[in-house]
>>> print(open('query_31.cif').read())   # mmCIF, C-alpha atoms
data_model
loop_
_atom_site.group_PDB
_atom_site.id
_atom_site.type_symbol
_atom_site.label_atom_id
_atom_site.label_comp_id
_atom_site.auth_asym_id
_atom_site.auth_seq_id
_atom_site.Cartn_x
_atom_site.Cartn_y
_atom_site.Cartn_z
ATOM 1 C CA MET N 23 0.000 0.000 0.000
ATOM 2 C CA ASN N 24 2.899 2.328 0.636
ATOM 3 C CA ASN N 25 4.125 1.687 -2.890
ATOM 4 C CA ARG N 26 0.845 2.951 -4.334
ATOM 5 C CA LYS N 27 1.150 6.246 -2.461
ATOM 6 C CA TRP N 28 4.608 6.783 -3.799
ATOM 7 C CA SER N 29 3.541 5.789 -7.274
ATOM 8 C CA GLY N 30 0.684 8.304 -7.326
ATOM 9 C CA SER N 31 2.772 11.121 -5.941
ATOM 10 C CA LYS N 32 5.518 10.458 -8.530
ATOM 11 C CA LYS N 33 2.939 10.685 -11.303
ATOM 12 C CA GLY N 34 1.642 13.987 -9.871
ATOM 13 C CA ALA N 35 5.180 15.351 -9.587
ATOM 14 C CA ILE N 36 5.901 14.483 -13.210
ATOM 15 C CA GLU N 37 2.653 16.135 -14.340
ATOM 16 C CA LEU N 38 3.527 19.223 -12.314
ATOM 17 C CA SER N 39 6.991 19.345 -13.896
ATOM 18 C CA VAL N 40 5.566 18.971 -17.415
ATOM 19 C CA ASN N 41 2.998 21.701 -16.754
ATOM 20 C CA MET N 42 5.750 23.974 -15.453
ATOM 21 C CA LEU N 43 7.834 23.349 -18.589
ATOM 22 C CA VAL N 44 4.844 24.168 -20.809
ATOM 23 C CA VAL N 45 4.249 27.422 -18.921
ATOM 24 C CA ILE N 46 7.942 28.368 -19.224
ATOM 25 C CA ILE N 47 7.983 27.640 -22.972
ATOM 26 C CA ILE N 48 4.814 29.688 -23.569
ATOM 27 C CA SER N 49 6.247 32.543 -21.488
ATOM 28 C CA LEU N 50 9.459 32.533 -23.527
ATOM 29 C CA ILE N 51 7.471 32.604 -26.778
ATOM 30 C CA VAL N 52 5.397 35.567 -25.551
ATOM 31 C CA LEU N 53 8.574 37.353 -24.386
ATOM 32 C CA ALA N 54 10.272 36.795 -27.752
ATOM 33 C CA GLY N 55 7.173 38.105 -29.557
ATOM 34 C CA GLY N 56 7.141 41.220 -27.358
ATOM 35 C CA ILE N 57 10.815 41.902 -27.994
ATOM 36 C CA THR N 58 10.307 41.468 -31.741
ATOM 37 C CA LEU N 59 7.419 43.963 -31.737
ATOM 38 C CA LEU N 60 9.479 46.422 -29.684
ATOM 39 C CA TYR N 61 12.327 46.294 -32.196
ATOM 40 C CA LYS N 62 9.910 46.773 -35.102
ATOM 41 C CA PHE N 63 8.404 49.870 -33.440
ATOM 42 C CA LEU N 64 11.831 51.298 -32.658
ATOM 43 C CA ALA N 65 13.083 50.667 -36.192
ATOM 44 C CA GLY N 66 9.966 52.374 -37.599
ATOM 45 C CA ALA N 67 10.475 55.398 -35.352
ATOM 46 C CA GLU N 68 14.161 55.673 -36.331
ATOM 47 C CA GLY N 69 13.173 55.463 -40.009
ATOM 48 C CA LEU N 70 10.646 58.272 -39.552
ATOM 49 C CA LYS N 71 13.239 60.390 -37.732
ATOM 50 C CA ALA N 72 15.754 59.784 -40.530
ATOM 51 C CA ASP N 73 13.139 60.849 -43.109
ATOM 52 C CA LEU N 74 12.410 64.044 -41.203
ATOM 53 C CA ASP N 75 16.115 64.755 -40.877
ATOM 54 C CA SER N 76 16.696 64.175 -44.580
ATOM 55 C CA GLN N 77 13.733 66.432 -45.426
ATOM 56 C CA THR N 78 15.197 69.203 -43.271
ATOM 57 C CA GLU N 79 18.619 68.751 -44.860
ATOM 58 C CA GLU N 80 17.051 68.946 -48.333
ATOM 59 C CA GLN N 81 15.248 72.179 -47.373
ATOM 60 C CA ILE N 82 18.498 73.636 -46.029
ATOM 61 C CA GLN N 83 20.424 72.718 -49.171
ATOM 62 C CA ARG N 84 17.655 74.144 -51.365
ATOM 63 C CA MET N 85 17.732 77.445 -49.469
ATOM 64 C CA LEU N 86 21.534 77.614 -49.549
ATOM 65 C CA LEU N 87 22.047 76.592 -53.167
ATOM 66 C CA GLN N 88 18.916 77.612 -55.069
ATOM 67 C CA ASP N 89 17.815 80.623 -53.038
ATOM 68 C CA GLY N 90 21.374 81.910 -52.589
ATOM 69 C CA LYS N 91 21.209 82.236 -48.806
ATOM 70 C CA ILE N 92 24.417 81.979 -46.799
ATOM 71 C CA VAL N 93 22.617 81.116 -43.544
ATOM 72 C CA ALA N 94 19.375 79.132 -43.683
ATOM 73 C CA LEU N 95 16.901 78.073 -41.005
ATOM 74 C CA PRO N 96 14.019 76.619 -43.062
ATOM 75 C CA ILE N 97 11.778 75.568 -40.175
ATOM 76 C CA ASN N 98 11.866 78.157 -37.421
ATOM 77 C CA LYS N 99 8.518 77.831 -35.616
ATOM 78 C CA ALA N 100 7.015 75.107 -33.468
ATOM 79 C CA ILE N 101 4.123 74.612 -31.095
ATOM 80 C CA LEU N 102 5.368 72.498 -28.205
ATOM 81 C CA PRO N 103 3.590 71.266 -25.107
ATOM 82 C CA ARG N 104 5.538 71.353 -21.852
ATOM 83 C CA GLY N 105 8.063 68.524 -21.620
ATOM 84 C CA GLU N 106 8.364 68.134 -25.411
ATOM 85 C CA GLN N 107 11.296 68.903 -27.707
ATOM 86 C CA LYS N 108 11.985 69.709 -31.355
ATOM 87 C CA THR N 109 15.102 69.672 -33.493
ATOM 88 C CA PHE N 110 15.689 72.530 -35.925
ATOM 89 C CA GLY N 111 18.282 72.538 -38.688
ATOM 90 C CA LEU N 112 20.583 75.477 -39.479
ATOM 91 C CA GLY N 113 22.673 75.546 -42.643
ATOM 92 C CA VAL N 114 25.754 77.690 -43.304
ATOM 93 C CA MET N 115 27.278 78.166 -46.784
ATOM 94 C CA ASN N 116 30.733 79.720 -47.129
ATOM 95 C CA ILE N 117 30.869 81.958 -50.210
ATOM 96 C CA GLY N 118 34.322 83.373 -49.482
ATOM 97 C CA LYS N 119 37.759 81.972 -48.816
ATOM 98 C CA THR N 120 38.306 79.199 -46.264
ATOM 99 C CA GLU N 121 36.997 80.431 -42.934
ATOM 100 C CA THR N 122 36.129 79.269 -39.433
ATOM 101 C CA PHE N 123 32.543 79.779 -38.235
ATOM 102 C CA ASN N 124 30.702 79.670 -34.899
ATOM 103 C CA VAL N 125 26.981 79.452 -34.159
ATOM 104 C CA PHE N 126 25.506 81.411 -31.247
ATOM 105 C CA ILE N 127 22.005 81.032 -29.830
ATOM 106 C CA SER N 128 20.552 83.329 -27.206
ATOM 107 C CA PRO N 129 17.126 84.454 -26.024
ATOM 108 C CA SER N 130 15.752 87.424 -27.977
ATOM 109 C CA SER N 131 15.035 90.646 -26.124
ATOM 110 C CA PRO N 132 12.197 90.789 -25.364
ATOM 111 C CA GLY N 133 11.938 87.086 -25.925
ATOM 112 C CA TYR N 134 8.928 86.001 -23.943
ATOM 113 C CA PHE N 135 5.377 86.967 -24.823
ATOM 114 C CA PRO N 136 2.974 85.550 -22.231
ATOM 115 C CA THR N 137 -0.550 84.632 -23.246
ATOM 116 C CA THR N 138 -1.717 87.535 -21.088
ATOM 117 C CA GLY N 139 0.282 90.601 -20.185
ATOM 118 C CA SER N 140 3.159 92.449 -21.821
ATOM 119 C CA PRO N 141 6.369 91.099 -23.407
ATOM 120 C CA GLN N 142 9.308 90.500 -21.098
ATOM 121 C CA ASP N 143 12.818 89.085 -21.081
ATOM 122 C CA ASN N 144 13.127 85.323 -21.183
ATOM 123 C CA PRO N 145 12.758 83.534 -17.865
ATOM 124 C CA GLN N 146 16.005 81.490 -17.958
ATOM 125 C CA THR N 147 15.578 79.740 -21.320
ATOM 126 C CA ASN N 148 19.299 79.197 -22.000
ATOM 127 C CA SER N 149 19.000 75.663 -20.621
ATOM 128 C CA TRP N 150 16.328 74.852 -23.213
ATOM 129 C CA VAL N 151 18.820 74.928 -26.110
ATOM 130 C CA LEU N 152 21.277 72.175 -26.999
ATOM 131 C CA PHE N 153 23.579 72.313 -30.032
ATOM 132 C CA ASP N 154 27.206 71.766 -31.017
ATOM 133 C CA ASP N 155 28.771 75.160 -30.337
ATOM 134 C CA SER N 156 32.260 74.178 -31.471
ATOM 135 C CA ALA N 157 33.846 76.106 -34.342
ATOM 136 C CA PHE N 158 33.854 74.548 -37.812
ATOM 137 C CA SER N 159 35.923 75.346 -40.866
ATOM 138 C CA LEU N 160 34.459 75.598 -44.360
ATOM 139 C CA GLU N 161 36.154 75.753 -47.722
ATOM 140 C CA GLN N 162 34.749 78.045 -50.407
ATOM 141 C CA GLN N 163 31.265 76.865 -51.541
ATOM 142 C CA GLU N 164 31.183 74.264 -48.776
ATOM 143 C CA SER N 165 28.187 74.016 -46.429
ATOM 144 C CA HIS N 166 27.663 72.743 -42.896
ATOM 145 C CA ASN N 167 24.461 71.798 -41.039
ATOM 146 C CA VAL N 168 23.938 72.322 -37.316
ATOM 147 C CA ALA N 169 21.182 70.542 -35.376
ATOM 148 C CA ILE N 170 19.524 72.716 -32.711
ATOM 149 C CA LEU N 171 17.460 70.933 -30.059
ATOM 150 C CA ILE N 172 14.916 73.002 -28.132
ATOM 151 C CA SER N 173 13.557 71.158 -25.090
ATOM 152 C CA VAL N 174 10.689 72.806 -23.193
ATOM 153 C CA PRO N 175 10.733 72.033 -19.459
ATOM 154 C CA THR N 176 7.609 70.732 -17.775
ATOM 155 C CA ASP N 177 7.306 73.872 -15.625
ATOM 156 C CA ALA N 178 7.472 76.397 -18.512
ATOM 157 C CA GLU N 179 4.816 79.117 -18.631
ATOM 158 C CA ASN N 180 2.413 79.314 -21.589
ATOM 159 C CA GLY N 181 3.420 81.863 -24.194
ATOM 160 C CA ILE N 182 5.709 82.534 -27.131
ATOM 161 C CA TYR N 183 9.479 82.285 -26.662
ATOM 162 C CA LEU N 184 11.943 83.736 -29.185
ATOM 163 C CA PHE N 185 15.589 82.796 -29.703
ATOM 164 C CA ASP N 186 18.215 84.583 -31.829
ATOM 165 C CA VAL N 187 20.451 82.338 -33.939
ATOM 166 C CA SER N 188 23.537 84.019 -35.352
ATOM 167 C CA VAL N 189 26.611 82.852 -37.217
ATOM 168 C CA ARG N 190 29.975 84.589 -36.860
ATOM 169 C CA LYS N 191 33.172 84.273 -38.853
ATOM 170 C CA GLY N 192 36.490 83.530 -37.150
ATOM 171 C CA ALA N 193 37.220 87.169 -36.208
ATOM 172 C CA GLY N 194 33.754 87.575 -34.676
ATOM 173 C CA LEU N 195 32.204 89.285 -37.691
ATOM 174 C CA ALA N 196 28.507 88.584 -38.219
ATOM 175 C CA TYR N 197 27.831 86.270 -41.151
ATOM 176 C CA GLY N 198 24.353 86.397 -42.652
ATOM 177 C CA GLY N 199 21.433 87.857 -40.777
ATOM 178 C CA VAL N 200 20.158 86.910 -37.361
ATOM 179 C CA GLN N 201 17.680 84.043 -37.637
ATOM 180 C CA LYS N 202 14.776 83.628 -35.201
ATOM 181 C CA ILE N 203 13.344 80.482 -33.641
ATOM 182 C CA GLN N 204 9.816 80.825 -32.244
ATOM 183 C CA ILE N 205 8.466 78.337 -29.711
ATOM 184 C CA ASP N 206 4.797 78.537 -28.767
ATOM 185 C CA VAL N 207 4.398 76.719 -25.445
ATOM 186 C CA LYS N 208 0.902 75.384 -24.827
#
>>> encode(input="query_31.cif", output="structure tokens")
Amino acid sequence: MNNRKWSGSKKGAIELSVNMLVVIIISLIVLAGGITLLYKFLAGAEGLKADLDSQTEEQIQRMLLQDGKIVALPINKAILPRGEQKTFGLGVMNIGKTETFNVFISPSSPGYFPTTGSPQDNPQTNSWVLFDDSAFSLEQQESHNVAILISVPTDAENGIYLFDVSVRKGAGLAYGGVQKIQIDVK
């Protein structure tokens, strides 16, 4: 009689082990499917970002080459909710001899127009802007693109914020006109 008890419990243990293996296999299949979907979504988002970047670069090149501009900021306005960000593209075309250039971005003055009230100076918006501020050298008829990331903090006030974008040659001489970036925070 003792043998029967052991025999039944062994059968139950084997069934439990088989059930556990089935659950583990199904879990691994679901996990692999989830990872595959995640990679597909990420690849799609990167492809979209690359398309937007290539569109911006095409607009910059068109403005520099066809329109004859030496400094081009084709998309300069955006409506951004708090906590969101946008990348703008600035193009610089050297029409003279080989030269070194720098890009400078600062809040306009006045640079903040609240939804109600009068215009005022920017409330500490320097930290909103991220770009490569290192100097770059251009040969004659060579161009260079600079990505400018504007990131609106979550505690920003509603209103319109303006930034001045300027390019200067090696000796500090202004090159092209001052470009404006307008951010409408909602």
>>> resolve_selection(input="query_31.cif", expression="the PyMOL selection byres ((chain N and resi 185) around 6)", output="ChimeraX atom specification")
/N:128-130,184,186,202-203
>>> resolve_selection(input="query_31.cif", expression="the PyMOL selection byres ((chain N and resi 150) around 7)", output="PyMOL selection string")
chain N and resi 147-149+151-152+172-174
>>> atom_distance(input="query_31.cif", atom1="CA of Thr58 (chain N)", atom2="CA of Leu43 (chain N)")
22.5 Å
>>> closest_residue(input="query_31.cif", among="N:Ile47, N:Leu87, N:Leu112, N:Val200", to="Asp75 (chain N)", atoms="only C-alpha atoms")
N:Leu112
>>> atom_distance(input="query_31.cif", atom1="CA of Tyr197 (chain N)", atom2="CA of Gln107 (chain N)")
27.5 Å
>>> resolve_selection(input="query_31.cif", expression="the PyMOL selection byres ((chain N and resi 208) around 9)", output="ChimeraX atom specification")
/N:101-104,179-182,206-207
>>> write_last_selection(input="query_31.cif", atoms="C-alpha atoms", output="PDB file, keeping the file's coordinate frame")
ATOM      1  CA  ILE N 101       4.123  74.612 -31.095  1.00  0.00           C
ATOM      2  CA  LEU N 102       5.368  72.498 -28.205  1.00  0.00           C
ATOM      3  CA  PRO N 103       3.590  71.266 -25.107  1.00  0.00           C
ATOM      4  CA  ARG N 104       5.538  71.353 -21.852  1.00  0.00           C
ATOM      5  CA  GLU N 179       4.816  79.117 -18.631  1.00  0.00           C
ATOM      6  CA  ASN N 180       2.413  79.314 -21.589  1.00  0.00           C
ATOM      7  CA  GLY N 181       3.420  81.863 -24.194  1.00  0.00           C
ATOM      8  CA  ILE N 182       5.709  82.534 -27.131  1.00  0.00           C
ATOM      9  CA  ASP N 206       4.797  78.537 -28.767  1.00  0.00           C
ATOM     10  CA  VAL N 207       4.398  76.719 -25.445  1.00  0.00           C
TER      11      VAL N 207
END
>>> atom_distance(input="query_31.cif", atom1="CA of Pro136 (chain N)", atom2="CA of Ile205 (chain N)")
11.8 Å
>>> closest_residue(input="query_31.cif", among="N:Lys62, N:Arg84, N:Lys33, N:Lys91", to="Gly199 (chain N)", atoms="all atoms listed in the file")
N:Lys91
>>> residues_around(input="query_31.cif", residues="Phe126 (chain N)", least_positions_apart="5", cutoff="10 Å", atoms="all atoms listed in the file", output="PyMOL selection string")
chain N and resi 153-156+186-190+200
>>> closest_residue(input="query_31.cif", among="N:Ile36, N:Leu171, N:Ala193, N:Ile57", to="Asn98 (chain N)", atoms="all atoms listed in the file")
N:Leu171
>>> closest_residue(input="query_31.cif", among="N:Val44, N:Ala100, N:Ala94, N:Ile117", to="Glu161 (chain N)", atoms="only C-alpha atoms")
N:Ile117
